[in-house]
Every structure is written in structure tokens, then in C-alpha cells.
$ cat coords-v4.tsv   # TSV, C-alpha atoms
chain	number	residue	atom	x	y	z
A	255	MET	CA	0.00	0.00	0.00
A	256	ASN	CA	2.60	2.50	1.08
A	257	TYR	CA	5.13	2.58	-1.74
A	258	ALA	CA	7.57	4.61	0.35
A	259	VAL	CA	7.99	1.72	2.79
A	260	ILE	CA	9.10	-0.67	0.07
A	261	LYS	CA	11.35	1.77	-1.71
A	262	PRO	CA	12.22	4.77	0.40
A	263	MET	CA	12.28	8.01	-1.49
A	264	SER	CA	13.50	11.42	-0.61
A	265	SER	CA	10.87	13.50	1.11
A	266	SER	CA	10.92	16.08	-1.66
A	267	SER	CA	10.06	13.62	-4.46
A	268	GLU	CA	7.47	11.94	-2.22
A	269	ALA	CA	5.83	15.27	-1.67
A	270	THR	CA	5.59	16.03	-5.38
A	271	ARG	CA	4.66	12.60	-6.74
A	272	PRO	CA	1.25	13.01	-8.42
A	273	ILE	CA	-1.64	10.96	-7.13
A	274	THR	CA	-4.47	9.53	-9.21
A	275	LEU	CA	-8.11	10.09	-8.30
A	276	SER	CA	-11.31	9.08	-10.02
A	277	VAL	CA	-13.36	12.17	-10.88
A	278	ASN	CA	-16.81	11.50	-12.36
A	279	GLY	CA	-15.59	8.09	-13.46
A	280	GLU	CA	-12.44	9.33	-15.22
A	281	PRO	CA	-8.88	9.04	-13.87
A	282	HIS	CA	-7.48	12.41	-12.83
A	283	GLN	CA	-3.94	13.19	-11.70
A	284	CYS	CA	-3.26	15.89	-9.19
A	285	ALA	CA	-0.57	17.00	-6.78
A	286	PRO	CA	-0.48	15.30	-3.36
A	287	ASN	CA	-1.72	17.07	-0.26
A	288	LEU	CA	-4.37	18.91	-2.23
A	289	TYR	CA	-7.44	20.07	-0.37
A	290	LEU	CA	-10.86	19.45	-1.88
A	291	PRO	CA	-11.79	23.12	-2.53
A	292	ASP	CA	-8.47	23.62	-4.34
A	293	LEU	CA	-9.08	20.54	-6.47
A	294	LEU	CA	-12.52	21.84	-7.45
A	295	GLN	CA	-11.01	25.17	-8.47
A	296	GLN	CA	-8.33	23.38	-10.51
A	297	LEU	CA	-11.15	21.50	-12.26
A	298	GLY	CA	-12.68	24.85	-13.16
A	299	MET	CA	-15.65	24.41	-10.83
A	300	ASN	CA	-17.13	26.90	-8.43
A	301	PRO	CA	-17.05	25.11	-5.05
A	302	ARG	CA	-20.16	27.00	-3.97
A	303	LEU	CA	-22.26	25.51	-6.73
A	304	VAL	CA	-21.58	21.78	-6.55
A	305	ALA	CA	-22.29	18.83	-4.30
A	306	VAL	CA	-19.47	16.31	-3.94
A	307	GLU	CA	-19.90	12.59	-3.39
A	308	TYR	CA	-16.61	11.53	-1.81
A	309	ASN	CA	-15.91	7.78	-1.71
A	310	GLY	CA	-19.59	6.92	-1.89
A	311	GLU	CA	-21.30	9.55	0.24
A	312	ILE	CA	-22.09	13.19	-0.31
A	313	LEU	CA	-19.67	15.14	1.83
A	314	HIS	CA	-21.09	18.07	3.76
A	315	ARG	CA	-19.26	21.26	2.89
A	316	GLN	CA	-18.25	21.88	6.48
A	317	PHE	CA	-15.72	19.03	6.02
A	318	TRP	CA	-14.37	20.18	2.66
A	319	GLU	CA	-11.66	22.44	4.05
A	320	ALA	CA	-10.18	19.53	6.04
A	321	THR	CA	-10.39	16.91	3.27
A	322	ILE	CA	-7.05	16.12	1.63
A	323	MET	CA	-7.07	14.12	-1.59
A	324	GLN	CA	-5.60	10.62	-1.28
A	325	GLU	CA	-4.47	8.16	-3.94
A	326	GLY	CA	-7.49	6.24	-5.27
A	327	ASP	CA	-10.17	8.60	-3.91
A	328	ARG	CA	-13.42	8.49	-5.86
A	329	LEU	CA	-15.22	11.77	-6.42
A	330	GLU	CA	-18.51	12.41	-8.15
A	331	ILE	CA	-19.17	16.10	-8.59
A	332	VAL	CA	-22.80	17.13	-9.08
A	333	THR	CA	-23.33	20.61	-10.45
A	334	ILE	CA	-26.50	22.35	-9.34
A	335	VAL	CA	-28.95	22.97	-12.17
A	336	GLY	CA	-32.27	24.76	-12.07
A	337	GLY	CA	-33.96	24.39	-15.42
A	338	GLY	CA	-37.45	23.10	-15.95
B	1426	MET	CA	-58.46	9.18	4.12
B	1427	THR	CA	-61.71	9.44	2.22
B	1428	MET	CA	-61.82	6.66	-0.35
B	1429	LEU	CA	-63.60	7.81	-3.47
B	1430	ASN	CA	-65.51	5.26	-5.47
B	1431	LEU	CA	-64.46	4.81	-9.06
B	1432	THR	CA	-67.06	5.16	-11.81
B	1433	PRO	CA	-67.43	2.45	-14.48
B	1434	THR	CA	-65.71	4.81	-16.95
B	1435	GLU	CA	-62.78	5.29	-14.58
B	1436	LEU	CA	-62.47	1.57	-13.92
B	1437	GLU	CA	-62.24	1.01	-17.67
B	1438	ARG	CA	-59.90	3.94	-18.41
B	1439	TYR	CA	-57.41	2.87	-15.74
B	1440	ARG	CA	-57.85	-0.89	-16.24
B	1441	ARG	CA	-54.32	-1.48	-17.51
B	1442	GLN	CA	-52.65	0.23	-14.54
B	1443	ILE	CA	-55.06	-1.24	-11.98
B	1444	MET	CA	-53.77	-4.62	-13.29
B	1445	LEU	CA	-50.25	-3.78	-12.10
B	1446	PRO	CA	-49.07	-5.94	-9.17
B	1447	GLY	CA	-49.24	-3.80	-6.04
B	1448	PHE	CA	-51.59	-1.26	-7.64
B	1449	GLY	CA	-55.24	-2.32	-7.79
B	1450	GLU	CA	-58.39	-0.28	-7.22
B	1451	GLU	CA	-57.15	1.04	-3.91
B	1452	ALA	CA	-54.16	2.75	-5.51
B	1453	GLN	CA	-56.46	4.21	-8.14
B	1454	GLN	CA	-58.74	5.55	-5.41
B	1455	ARG	CA	-55.74	7.12	-3.69
B	1456	LEU	CA	-54.83	8.90	-6.91
B	1457	LYS	CA	-58.40	10.12	-7.31
B	1458	ALA	CA	-58.40	11.46	-3.74
B	1459	SER	CA	-55.15	13.42	-4.18
B	1460	THR	CA	-54.34	16.98	-5.19
B	1461	VAL	CA	-50.94	17.69	-6.75
B	1462	LEU	CA	-49.45	21.17	-7.16
B	1463	VAL	CA	-47.29	21.58	-10.29
B	1464	THR	CA	-45.11	24.67	-10.45
B	1465	GLY	CA	-43.49	25.65	-13.72
B	1466	VAL	CA	-45.77	24.22	-16.39
B	1467	GLY	CA	-43.18	24.03	-19.19
B	1468	GLY	CA	-41.31	21.19	-20.85
B	1469	LEU	CA	-40.83	19.53	-17.47
B	1470	GLY	CA	-43.89	20.45	-15.37
B	1471	GLY	CA	-46.37	20.38	-18.26
B	1472	THR	CA	-45.29	16.91	-19.33
B	1473	ALA	CA	-45.30	15.65	-15.73
B	1474	ALA	CA	-48.83	17.06	-15.35
B	1475	LEU	CA	-49.85	15.21	-18.52
B	1476	TYR	CA	-48.82	11.85	-17.05
B	1477	LEU	CA	-50.52	12.62	-13.73
B	1478	ALA	CA	-53.72	13.56	-15.57
B	1479	VAL	CA	-53.87	10.36	-17.62
B	1480	ALA	CA	-52.99	8.35	-14.50
B	1481	GLY	CA	-56.11	9.74	-12.82
B	1482	VAL	CA	-54.87	12.15	-10.13
B	1483	GLY	CA	-58.01	13.78	-8.72
B	1484	LYS	CA	-56.91	17.40	-8.92
B	1485	LEU	CA	-54.00	19.28	-10.46
B	1486	ILE	CA	-53.10	22.84	-9.56
B	1487	LEU	CA	-50.99	24.33	-12.36
B	1488	VAL	CA	-48.97	27.45	-11.57
B	1489	ARG	CA	-46.97	29.19	-14.25
B	1490	GLY	CA	-46.78	32.84	-15.30
B	1491	GLY	CA	-46.00	34.20	-18.74
B	1492	LYS	CA	-47.12	33.67	-22.29
B	1493	LEU	CA	-46.32	30.90	-24.72
B	1494	ARG	CA	-43.33	31.59	-26.96
B	1495	LEU	CA	-42.57	29.95	-30.26
B	1496	ASP	CA	-39.28	28.64	-28.85
B	1497	ASP	CA	-41.25	26.73	-26.17
B	1498	MET	CA	-42.76	24.52	-28.84
B	1499	ASN	CA	-39.84	22.08	-29.08
B	1500	ARG	CA	-40.77	20.63	-25.68
B	1501	GLN	CA	-44.06	21.95	-24.27
B	1502	VAL	CA	-46.25	19.18	-25.60
B	1503	LEU	CA	-49.51	20.46	-24.06
B	1504	MET	CA	-49.33	23.54	-26.31
B	1505	THR	CA	-50.32	24.21	-29.92
B	1506	GLN	CA	-48.70	26.72	-32.23
B	1507	ASP	CA	-51.86	28.88	-32.53
B	1508	TRP	CA	-51.57	29.62	-28.80
B	1509	VAL	CA	-48.22	31.47	-29.10
B	1510	GLY	CA	-48.52	34.82	-27.33
B	1511	LYS	CA	-51.27	33.69	-24.95
B	1512	PRO	CA	-50.92	32.55	-21.28
B	1513	ARG	CA	-49.68	28.97	-21.58
B	1514	VAL	CA	-51.15	27.66	-18.35
B	1515	PHE	CA	-54.72	28.01	-19.65
B	1516	GLN	CA	-54.02	25.92	-22.70
B	1517	ALA	CA	-52.30	23.37	-20.48
B	1518	MET	CA	-55.56	23.16	-18.53
B	1519	ALA	CA	-57.65	22.78	-21.71
B	1520	THR	CA	-55.40	20.05	-23.13
B	1521	LEU	CA	-55.43	18.07	-19.89
B	1522	ARG	CA	-59.21	18.37	-19.60
B	1523	ALA	CA	-59.60	17.02	-23.12
B	1524	LEU	CA	-57.28	14.12	-22.29
B	1525	ASN	CA	-59.09	13.22	-19.08
B	1526	PRO	CA	-62.37	15.00	-18.23
B	1527	ASP	CA	-62.47	13.35	-14.79
B	1528	VAL	CA	-59.47	15.33	-13.53
B	1529	GLU	CA	-60.22	18.61	-11.80
B	1530	ILE	CA	-57.79	21.31	-12.86
B	1531	GLU	CA	-57.06	24.73	-11.43
B	1532	ALA	CA	-54.73	26.99	-13.45
B	1533	LEU	CA	-53.04	30.13	-12.19
B	1534	CYS	CA	-51.11	32.39	-14.55
B	1535	GLU	CA	-48.65	33.35	-11.81
B	1536	TYR	CA	-45.16	32.49	-10.65
B	1537	ILE	CA	-44.56	31.03	-7.18
B	1538	THR	CA	-44.04	33.88	-4.69
B	1539	PRO	CA	-43.86	34.19	-0.91
B	1540	GLU	CA	-47.35	35.73	-1.13
B	1541	ASN	CA	-49.15	32.88	-2.95
B	1542	VAL	CA	-47.11	29.82	-1.95
B	1543	ASP	CA	-48.64	29.02	1.43
B	1544	ARG	CA	-52.22	28.87	0.16
B	1545	LEU	CA	-51.16	26.71	-2.80
B	1546	VAL	CA	-49.16	24.24	-0.71
B	1547	GLN	CA	-51.89	23.99	1.94
B	1548	SER	CA	-54.44	23.22	-0.80
B	1549	SER	CA	-52.33	20.30	-2.06
B	1550	ASP	CA	-51.23	16.90	-0.82
B	1551	MET	CA	-47.84	17.23	-2.51
B	1552	ALA	CA	-45.93	19.39	-4.99
B	1553	LEU	CA	-43.81	18.90	-8.09
B	1554	ASP	CA	-41.00	21.47	-8.22
B	1555	CYS	CA	-40.52	22.03	-11.95
B	1556	ALA	CA	-39.79	25.78	-12.03
B	1557	HIS	CA	-37.14	27.13	-14.38
B	1558	ASN	CA	-35.38	29.24	-11.74
B	1559	PHE	CA	-33.99	28.90	-8.22
B	1560	GLY	CA	-36.05	31.68	-6.66
B	1561	GLU	CA	-39.32	29.79	-7.10
B	1562	ARG	CA	-37.65	26.50	-6.15
B	1563	ASP	CA	-36.41	27.87	-2.82
B	1564	VAL	CA	-39.78	29.45	-1.98
B	1565	LEU	CA	-41.66	26.22	-2.73
B	1566	ASN	CA	-39.13	24.07	-0.80
B	1567	ALA	CA	-39.47	26.24	2.31
B	1568	ALA	CA	-43.29	26.20	2.13
B	1569	CYS	CA	-43.40	22.41	1.71
B	1570	VAL	CA	-41.18	22.09	4.79
B	1571	ARG	CA	-43.40	24.58	6.67
B	1572	TRP	CA	-46.57	22.62	5.92
B	1573	GLY	CA	-45.05	19.14	5.99
B	1574	LYS	CA	-45.93	18.38	2.35
B	1575	PRO	CA	-43.81	16.07	0.17
B	1576	MET	CA	-42.13	17.64	-2.84
B	1577	VAL	CA	-40.57	16.02	-5.90
B	1578	GLU	CA	-37.54	18.08	-6.88
B	1579	ALA	CA	-36.71	17.84	-10.59
B	1580	ALA	CA	-34.26	20.06	-12.45
B	1581	MET	CA	-32.29	19.95	-15.66
B	1582	ASN	CA	-29.67	21.73	-17.73
B	1583	ASP	CA	-28.70	20.77	-21.28
B	1584	MET	CA	-28.45	16.94	-21.26
B	1585	GLU	CA	-28.16	16.65	-17.47
B	1586	ALA	CA	-30.87	16.32	-14.89
B	1587	TYR	CA	-31.46	15.34	-11.31
B	1588	LEU	CA	-34.38	14.12	-9.29
B	1589	THR	CA	-35.14	13.48	-5.65
B	1590	THR	CA	-38.24	13.16	-3.49
B	1591	ILE	CA	-38.34	15.22	-0.34
B	1592	ILE	CA	-40.42	14.41	2.72
B	1593	PRO	CA	-39.89	17.20	5.27
B	1594	GLY	CA	-38.38	15.95	8.50
B	1595	GLN	CA	-37.53	12.57	6.98
B	1596	THR	CA	-35.26	13.29	4.00
B	1597	PRO	CA	-32.82	16.05	3.11
B	1598	CYS	CA	-34.57	19.12	1.69
B	1599	LEU	CA	-33.43	21.12	-1.35
B	1600	SER	CA	-31.51	23.47	0.93
B	1601	CYS	CA	-29.62	20.57	2.59
B	1602	ILE	CA	-28.50	19.31	-0.83
B	1603	PHE	CA	-27.65	22.68	-2.36
B	1604	PRO	CA	-27.37	25.37	0.35
B	1605	GLU	CA	-26.40	28.02	-2.19
B	1606	LYS	CA	-27.86	28.71	-5.60
B	1607	PRO	CA	-26.00	30.16	-8.58
B	1608	ASN	CA	-27.01	33.09	-10.69
B	1609	TRP	CA	-29.15	31.47	-13.32
B	1610	ASP	CA	-30.48	32.64	-16.65
B	1611	ARG	CA	-33.63	30.62	-17.16
B	1612	ARG	CA	-33.30	30.80	-20.94
B	1613	SER	CA	-29.56	30.31	-21.19
B	1614	PHE	CA	-29.52	26.56	-21.47
B	1615	GLY	CA	-30.23	24.37	-24.45
B	1616	VAL	CA	-32.97	21.78	-24.09
B	1617	LEU	CA	-34.36	18.96	-26.17
B	1618	GLY	CA	-37.99	18.02	-25.61
B	1619	ALA	CA	-37.04	14.38	-25.22
B	1620	VAL	CA	-34.71	15.34	-22.34
B	1621	SER	CA	-37.20	17.45	-20.38
B	1622	GLY	CA	-39.82	14.80	-21.18
B	1623	THR	CA	-37.67	11.96	-19.84
B	1624	LEU	CA	-37.21	13.79	-16.56
B	1625	ALA	CA	-40.93	14.68	-16.54
B	1626	CYS	CA	-41.97	11.02	-16.77
B	1627	LEU	CA	-39.69	10.13	-13.86
B	1628	THR	CA	-41.07	13.08	-11.89
B	1629	ALA	CA	-44.67	11.99	-12.45
B	1630	LEU	CA	-43.72	8.44	-11.50
B	1631	GLU	CA	-42.27	9.65	-8.19
B	1632	ALA	CA	-45.59	11.35	-7.37
B	1633	ILE	CA	-47.58	8.25	-8.33
B	1634	LYS	CA	-45.32	6.08	-6.15
B	1635	LEU	CA	-45.65	8.36	-3.18
B	1636	ILE	CA	-49.44	8.59	-3.46
B	1637	THR	CA	-50.13	4.91	-4.12
B	1638	GLY	CA	-47.29	3.16	-2.29
B	1639	LEU	CA	-46.24	1.48	-5.55
B	1640	GLY	CA	-42.52	0.61	-5.70
B	1641	GLU	CA	-39.89	2.69	-3.95
B	1642	PRO	CA	-39.64	6.46	-4.36
B	1643	LEU	CA	-36.28	8.28	-4.33
B	1644	LEU	CA	-36.32	9.12	-0.63
B	1645	SER	CA	-32.94	10.41	0.62
B	1646	GLN	CA	-31.52	9.56	-2.79
B	1647	LEU	CA	-30.46	12.00	-5.48
B	1648	LEU	CA	-30.77	10.49	-8.96
B	1649	THR	CA	-28.31	12.14	-11.32
B	1650	ILE	CA	-28.92	11.67	-15.02
B	1651	ASP	CA	-26.54	12.30	-17.91
B	1652	LEU	CA	-28.65	11.71	-20.99
B	1653	SER	CA	-25.77	12.40	-23.37
B	1654	ARG	CA	-24.21	9.10	-22.18
B	1655	LEU	CA	-27.35	7.55	-20.65
B	1656	GLU	CA	-25.73	7.38	-17.24
B	1657	PHE	CA	-27.99	7.17	-14.22
B	1658	ALA	CA	-26.58	7.17	-10.66
B	1659	LYS	CA	-28.20	7.29	-7.25
B	1660	ARG	CA	-26.31	9.36	-4.73
B	1661	ARG	CA	-26.87	9.81	-1.01
B	1662	PRO	CA	-27.36	13.48	-0.24
B	1663	TYR	CA	-26.34	14.94	3.11
B	1664	HIS	CA	-29.21	15.59	5.53
B	1665	ASP	CA	-28.12	18.67	7.46
B	1666	PRO	CA	-29.44	18.56	11.04
B	1667	ASP	CA	-28.76	22.30	11.28
B	1668	CYS	CA	-30.32	23.17	7.90
B	1669	PRO	CA	-31.76	26.69	8.18
B	1670	VAL	CA	-34.85	25.53	6.22
B	1671	CYS	CA	-35.66	22.04	7.53
B	1672	GLY	CA	-33.60	21.66	10.73
B	1673	HIS	CA	-36.63	22.56	12.81
B	1674	ALA	CA	-38.91	20.17	10.87
B	1675	ASP	CA	-36.50	17.32	11.64
B	1676	LYS	CA	-36.88	17.79	15.36
B	1677	GLN	CA	-40.69	17.79	15.06
B	1678	ALA	CA	-40.65	14.73	12.81
B	1679	VAL	CA	-39.07	12.53	15.44
B	1680	ALA	CA	-42.41	12.45	17.25
B	1681	HIS	CA	-44.47	11.95	14.06
B	1682	PRO	CA	-42.53	9.94	11.51
B	1683	PHE	CA	-43.99	9.95	8.02
B	1684	THR	CA	-44.79	6.60	6.43
B	1685	PRO	CA	-45.68	6.37	2.75
B	1686	PRO	CA	-48.14	5.96	1.16
B	1687	LEU	CA	-49.61	9.35	1.89
B	1688	LEU	CA	-52.47	9.55	4.27
B	1689	LEU	CA	-54.44	11.82	2.05
B	1690	THR	CA	-57.09	14.17	3.24
B	1691	ARG	CA	-59.37	15.97	0.89
B	1692	GLY	CA	-60.05	19.59	1.87

$ encode --input "coords-v4.tsv" --output "C-alpha cells"
Amino acid sequence: MNYAVIKPMSSSSEATRPITLSVNGEPHQCAPNLYLPDLLQQLGMNPRLVAVEYNGEILHRQFWEATIMQEGDRLEIVTIVGGG
Amino acid sequence: MTMLNLTPTELERYRRQIMLPGFGEEAQQRLKASTVLVTGVGGLGGTAALYLAVAGVGKLILVRGGKLRLDDMNRQVLMTQDWVGKPRVFQAMATLRALNPDVEIEALCEYITPENVDRLVQSSDMALDCAHNFGERDVLNAACVRWGKPMVEAAMNDMEAYLTTIIPGQTPCLSCIFPEKPNWDRRSFGVLGAVSGTLACLTALEAIKLITGLGEPLLSQLLTIDLSRLEFAKRRPYHDPDCPVCGHADKQAVAHPFTPPLLLTRG
């Protein structure tokens, strides 16, 4: 699971090694230690106007600021729409 | 609940749905005894109202301001071209009456406002939220929470849509799911009639399920639909115990949990 245990790496390369997430069913690479609101902004989304299902459950926005992306995380981002 | 007897004509008209396992005459009587408020009678609400009318809902209250435009005609299937320029909700009423003369229909050429919403929600057993803007959606959601009335929330944009059924105090409300609403131009998005119609059929089906007890409605589930790839997913929305709209309703609901099917009362 933890690659660094098998093959130790310098802390600088470990810190910059990209991680792979699943975003709306597609693989997405991002920097490690990225917080959820920053990821949403990188994806070009307004964090105020989406709901995020994080690893199977919609995550309340009060937890977003403390949620750091991890390798293999699954995100489904639902954009609010209002047409009828 | 007052059970209303079905006439021979009604028994024949609805014969094929009464045959459904788990439906029967009792479900049909429940439909006949129910009043459904439909806000936003366009490609979504008008088509949902059509399927409720042919299913035999007792009364429909249609609320939609404005006049029919030619660019409504790609999706508003209750309308005819000669009606362009006239208030659409009255032709919606006429079309539905012609389809099923046993359905009572009230039509208001108004938008949902804080002034009219309480009377409309109190007059209904449940609401379909099919407005084309967030202002009306928020006002209707808050009133349904206030009066403890179920609401089917249906919305779309381009080829995407979502759907959920809200029972105040039991499920997340619209404000739990989306606490903030974007600026929204109600005419800025493209729409195909088959897309708004697909969502409309699912919306009508949610109401029929809730009224009759048939199947399982989307309670505490948010169905997201991408019709460009035909992807459907059910997600579990967050139910905010401190929601400024429904947090209070939750605390009341503990003492009086809601159990579908609706215990309908006819005012």
C-alpha cells in the first residue's frame, strides 16, 4: 500500500509525486496534499455551486476544508442545475 | 383518508394500470383522492402534469406565469402553435381536460411567490417542483417544509438532470442538498424536448409512487442523469441537522414519523 515503505524516497520527491483520483468516473492526476476546494477550483468548478460525493457519500461542505485528496479517492461532482 | 368510489368509466380507463401488481383499485382511489401542485408548467412540469392527468390524479393545480413563446414549442407538448402569445397555463388546462375530463384542474397564470405559496401548498397533498429558476424553487421548498408536504424536486440543464423526493423531516430538503444557488439565466440553457420529457416522466412516477405506495420512491436519494451518455446514478445526499430551512422540521418529525403511502385528506 505505502510505496515509500518498500522503496524509500526522498521527502521532496514523495511530496511532489502526483496521485491519481477518479473524478466523475475518469482518472485524474493531481498533486499530493491537495485540499478538496483547491481541487474543485483546478477543475474549473465553483465550489459554492456543486455537491461532492466523496468515496460513496455526499460530503457536507463543512468538512471540505479539512479533506485532503488521497491516492485512489473516488469523487462524483454534481453541479446544481435549475432548469425546468 | 376518504376513499372515493371509481365510476365504471374510470375503472375502464385505468384498467391497464389497476392490473399492475401492487396497484389495484385502492391505488387508483388514492390517486383520485389526491391533489398535486405543479409549479413551472413548461417542458418539465407540463409533461409531468400530462402523465398525472392520464394516471387519474383527482386534482392538479398548475402554476406558471408568462405567455407561450414559439421557442417553447420544441418541448411543451400540451401547447399548440396557434396559442403562441397567450398565457400557456390556460391551454395546459384545456389540453389536460380534453385528455381526461375526470381530472379537476385549477390553473393560475402566476409564478410562485412568498405571497401565494402558502395557500397553494396547503391546498395540495404534494408538490412537483418544476420551475425554471432557483427563486421559485427555494420558496416552494421552504413552504413544503413549513406545511409538511412532500415535494418532488426535478431540475435539468442541457443533457443533465437530477431528481429526488423530499419528505420534510424525513429526507434532506433542497436546501440541505444545495445550500447556495447560482445566478441562473432561465433561458440560457439548451434543451431537447425528449430530455425534459424523460425527466418529466420520472417526476410523475415519483408522485404516483408516493401517493399509491407502488414501488420505492427516491427518498434520501439523489438520482443524477446524464442523458448524453445515458448514465444514471443514485447518490446519497447529506441531511443537514442544522439546515436553516428544515432543521426545525427534523426535530418535530421525530415524534411523528412519516410513512408512505400518503395519508391523504381531501379539503

$ interface_residues --input "coords-v4.tsv" --of "chain A" --to "chain B" --cutoff "8 Å" --atoms "all atoms listed in the file" --output "compact mmCIF listing (two decimals) with C-alpha atoms, in the coordinates of the input"
# COMPACT_ATOMS: atom_id res chain seq x y z
CA ARG A 302 -20.16 27.00 -3.97
CA LEU A 303 -22.26 25.51 -6.73
CA VAL A 304 -21.58 21.78 -6.55
CA ALA A 305 -22.29 18.83 -4.30
CA GLU A 307 -19.90 12.59 -3.39
CA GLY A 310 -19.59 6.92 -1.89
CA GLU A 311 -21.30 9.55 0.24
CA ILE A 312 -22.09 13.19 -0.31
CA LEU A 313 -19.67 15.14 1.83
CA HIS A 314 -21.09 18.07 3.76
CA VAL A 332 -22.80 17.13 -9.08
CA ILE A 334 -26.50 22.35 -9.34
CA VAL A 335 -28.95 22.97 -12.17
CA GLY A 336 -32.27 24.76 -12.07
CA GLY A 337 -33.96 24.39 -15.42
CA GLY A 338 -37.45 23.10 -15.95

$ closest_residue --input "coords-v4.tsv" --among "A:Thr333, A:Gln324, A:Gln316, A:Asn309" --to "Cys284 (chain A)" --atoms "all atoms listed in the file"
A:Gln324

$ atom_distance --input "coords-v4.tsv" --atom1 "CA of Thr1589 (chain B)" --atom2 "CA of His1673 (chain B)"
20.6 Å

$ closest_residue --input "coords-v4.tsv" --among "B:Ala1480, B:Asp1550, B:Leu1495, B:Met1504" --to "Arg1438 (chain B)" --atoms "only C-alpha atoms"
B:Ala1480

$ atom_distance --input "coords-v4.tsv" --atom1 "CA of Asn1566 (chain B)" --atom2 "CA of Leu1652 (chain B)"
25.9 Å

$ closest_residue --input "coords-v4.tsv" --among "A:Thr270, A:Gln283, A:Leu288, A:Gly326" --to "Tyr308 (chain A)" --atoms "only C-alpha atoms"
A:Gly326

$ residues_around --input "coords-v4.tsv" --residues "Met323 (chain A)" --least-positions-apart "5" --cutoff "8 Å" --atoms "only C-alpha atoms" --output "list in words"
Leu275, Pro286, Asn287, Leu288, Tyr289 and Leu290 of chain A

$ residues_around --input "coords-v4.tsv" --residues "Ser1459 (chain B)" --least-positions-apart "5" --cutoff "7 Å" --atoms "all atoms listed in the file" --output "ChimeraX atom specification"
/B:1482-1484,1550,1689

$ atom_distance --input "coords-v4.tsv" --atom1 "CA of Ser1549 (chain B)" --atom2 "CA of Thr1460 (chain B)"
5.0 Å

$ residues_around --input "coords-v4.tsv" --residues "Lys1511 (chain B)" --least-positions-apart "3" --cutoff "7 Å" --atoms "only C-alpha atoms" --output "list in words"
Lys1492, Leu1493 and Trp1508 of chain B

$ residues_near_point --input "coords-v4.tsv" --point "(-20.7, 9.9, -12.8)" --cutoff "6 Å" --atoms "all atoms listed in the file" --output "ChimeraX atom specification"
/A:278-279,330

$ write_last_selection --input "coords-v4.tsv" --atoms "C-alpha atoms" --output "short mmCIF file (atom, residue, chain, number, x, y, z; two decimals), in the frame of the given file"
data_model
loop_
_atom_site.label_atom_id
_atom_site.label_comp_id
_atom_site.auth_asym_id
_atom_site.auth_seq_id
_atom_site.Cartn_x
_atom_site.Cartn_y
_atom_site.Cartn_z
CA ASN A 278 -16.81 11.50 -12.36
CA GLY A 279 -15.59 8.09 -13.46
CA GLU A 330 -18.51 12.41 -8.15
#

$ residues_around --input "coords-v4.tsv" --residues "Thr1434 (chain B)" --least-positions-apart "2" --cutoff "12 Å" --atoms "all atoms listed in the file" --output "number ranges by chain"
B: 1430-1432, 1436-1440, 1481, 1525-1527

$ write_last_selection --input "coords-v4.tsv" --atoms "C-alpha atoms" --output "PDB file, in the frame of the given file"
ATOM      1  CA  ASN B1430     -65.510   5.260  -5.470  1.00  0.00           C
ATOM      2  CA  LEU B1431     -64.460   4.810  -9.060  1.00  0.00           C
ATOM      3  CA  THR B1432     -67.060   5.160 -11.810  1.00  0.00           C
ATOM      4  CA  LEU B1436     -62.470   1.570 -13.920  1.00  0.00           C
ATOM      5  CA  GLU B1437     -62.240   1.010 -17.670  1.00  0.00           C
ATOM      6  CA  ARG B1438     -59.900   3.940 -18.410  1.00  0.00           C
ATOM      7  CA  TYR B1439     -57.410   2.870 -15.740  1.00  0.00           C
ATOM      8  CA  ARG B1440     -57.850  -0.890 -16.240  1.00  0.00           C
ATOM      9  CA  GLY B1481     -56.110   9.740 -12.820  1.00  0.00           C
ATOM     10  CA  ASN B1525     -59.090  13.220 -19.080  1.00  0.00           C
ATOM     11  CA  PRO B1526     -62.370  15.000 -18.230  1.00  0.00           C
ATOM     12  CA  ASP B1527     -62.470  13.350 -14.790  1.00  0.00           C
TER      13      ASP B1527
END

$ residues_around --input "coords-v4.tsv" --residues "Ile1530 (chain B)" --least-positions-apart "5" --cutoff "12 Å" --atoms "all atoms listed in the file" --output "VMD selection string"
chain B and resid 1460 to 1463 1474 to 1475 1477 to 1478 1481 to 1488 1514 to 1525

$ residues_near_point --input "coords-v4.tsv" --point "(-12.6, 17.0, -10.7)" --cutoff "7 Å" --atoms "all atoms listed in the file" --output "ChimeraX atom specification"
/A:277,293-294,297,331

$ closest_residue --input "coords-v4.tsv" --among "B:Ile1592, B:Ala1674, B:Leu1643, B:Gly1618" --to "Asn1499 (chain B)" --atoms "only C-alpha atoms"
B:Gly1618

$ closest_residue --input "coords-v4.tsv" --among "B:Ala1473, B:Ala1567, B:Leu1648, B:Cys1598" --to "Pro1666 (chain B)" --atoms "only C-alpha atoms"
B:Cys1598
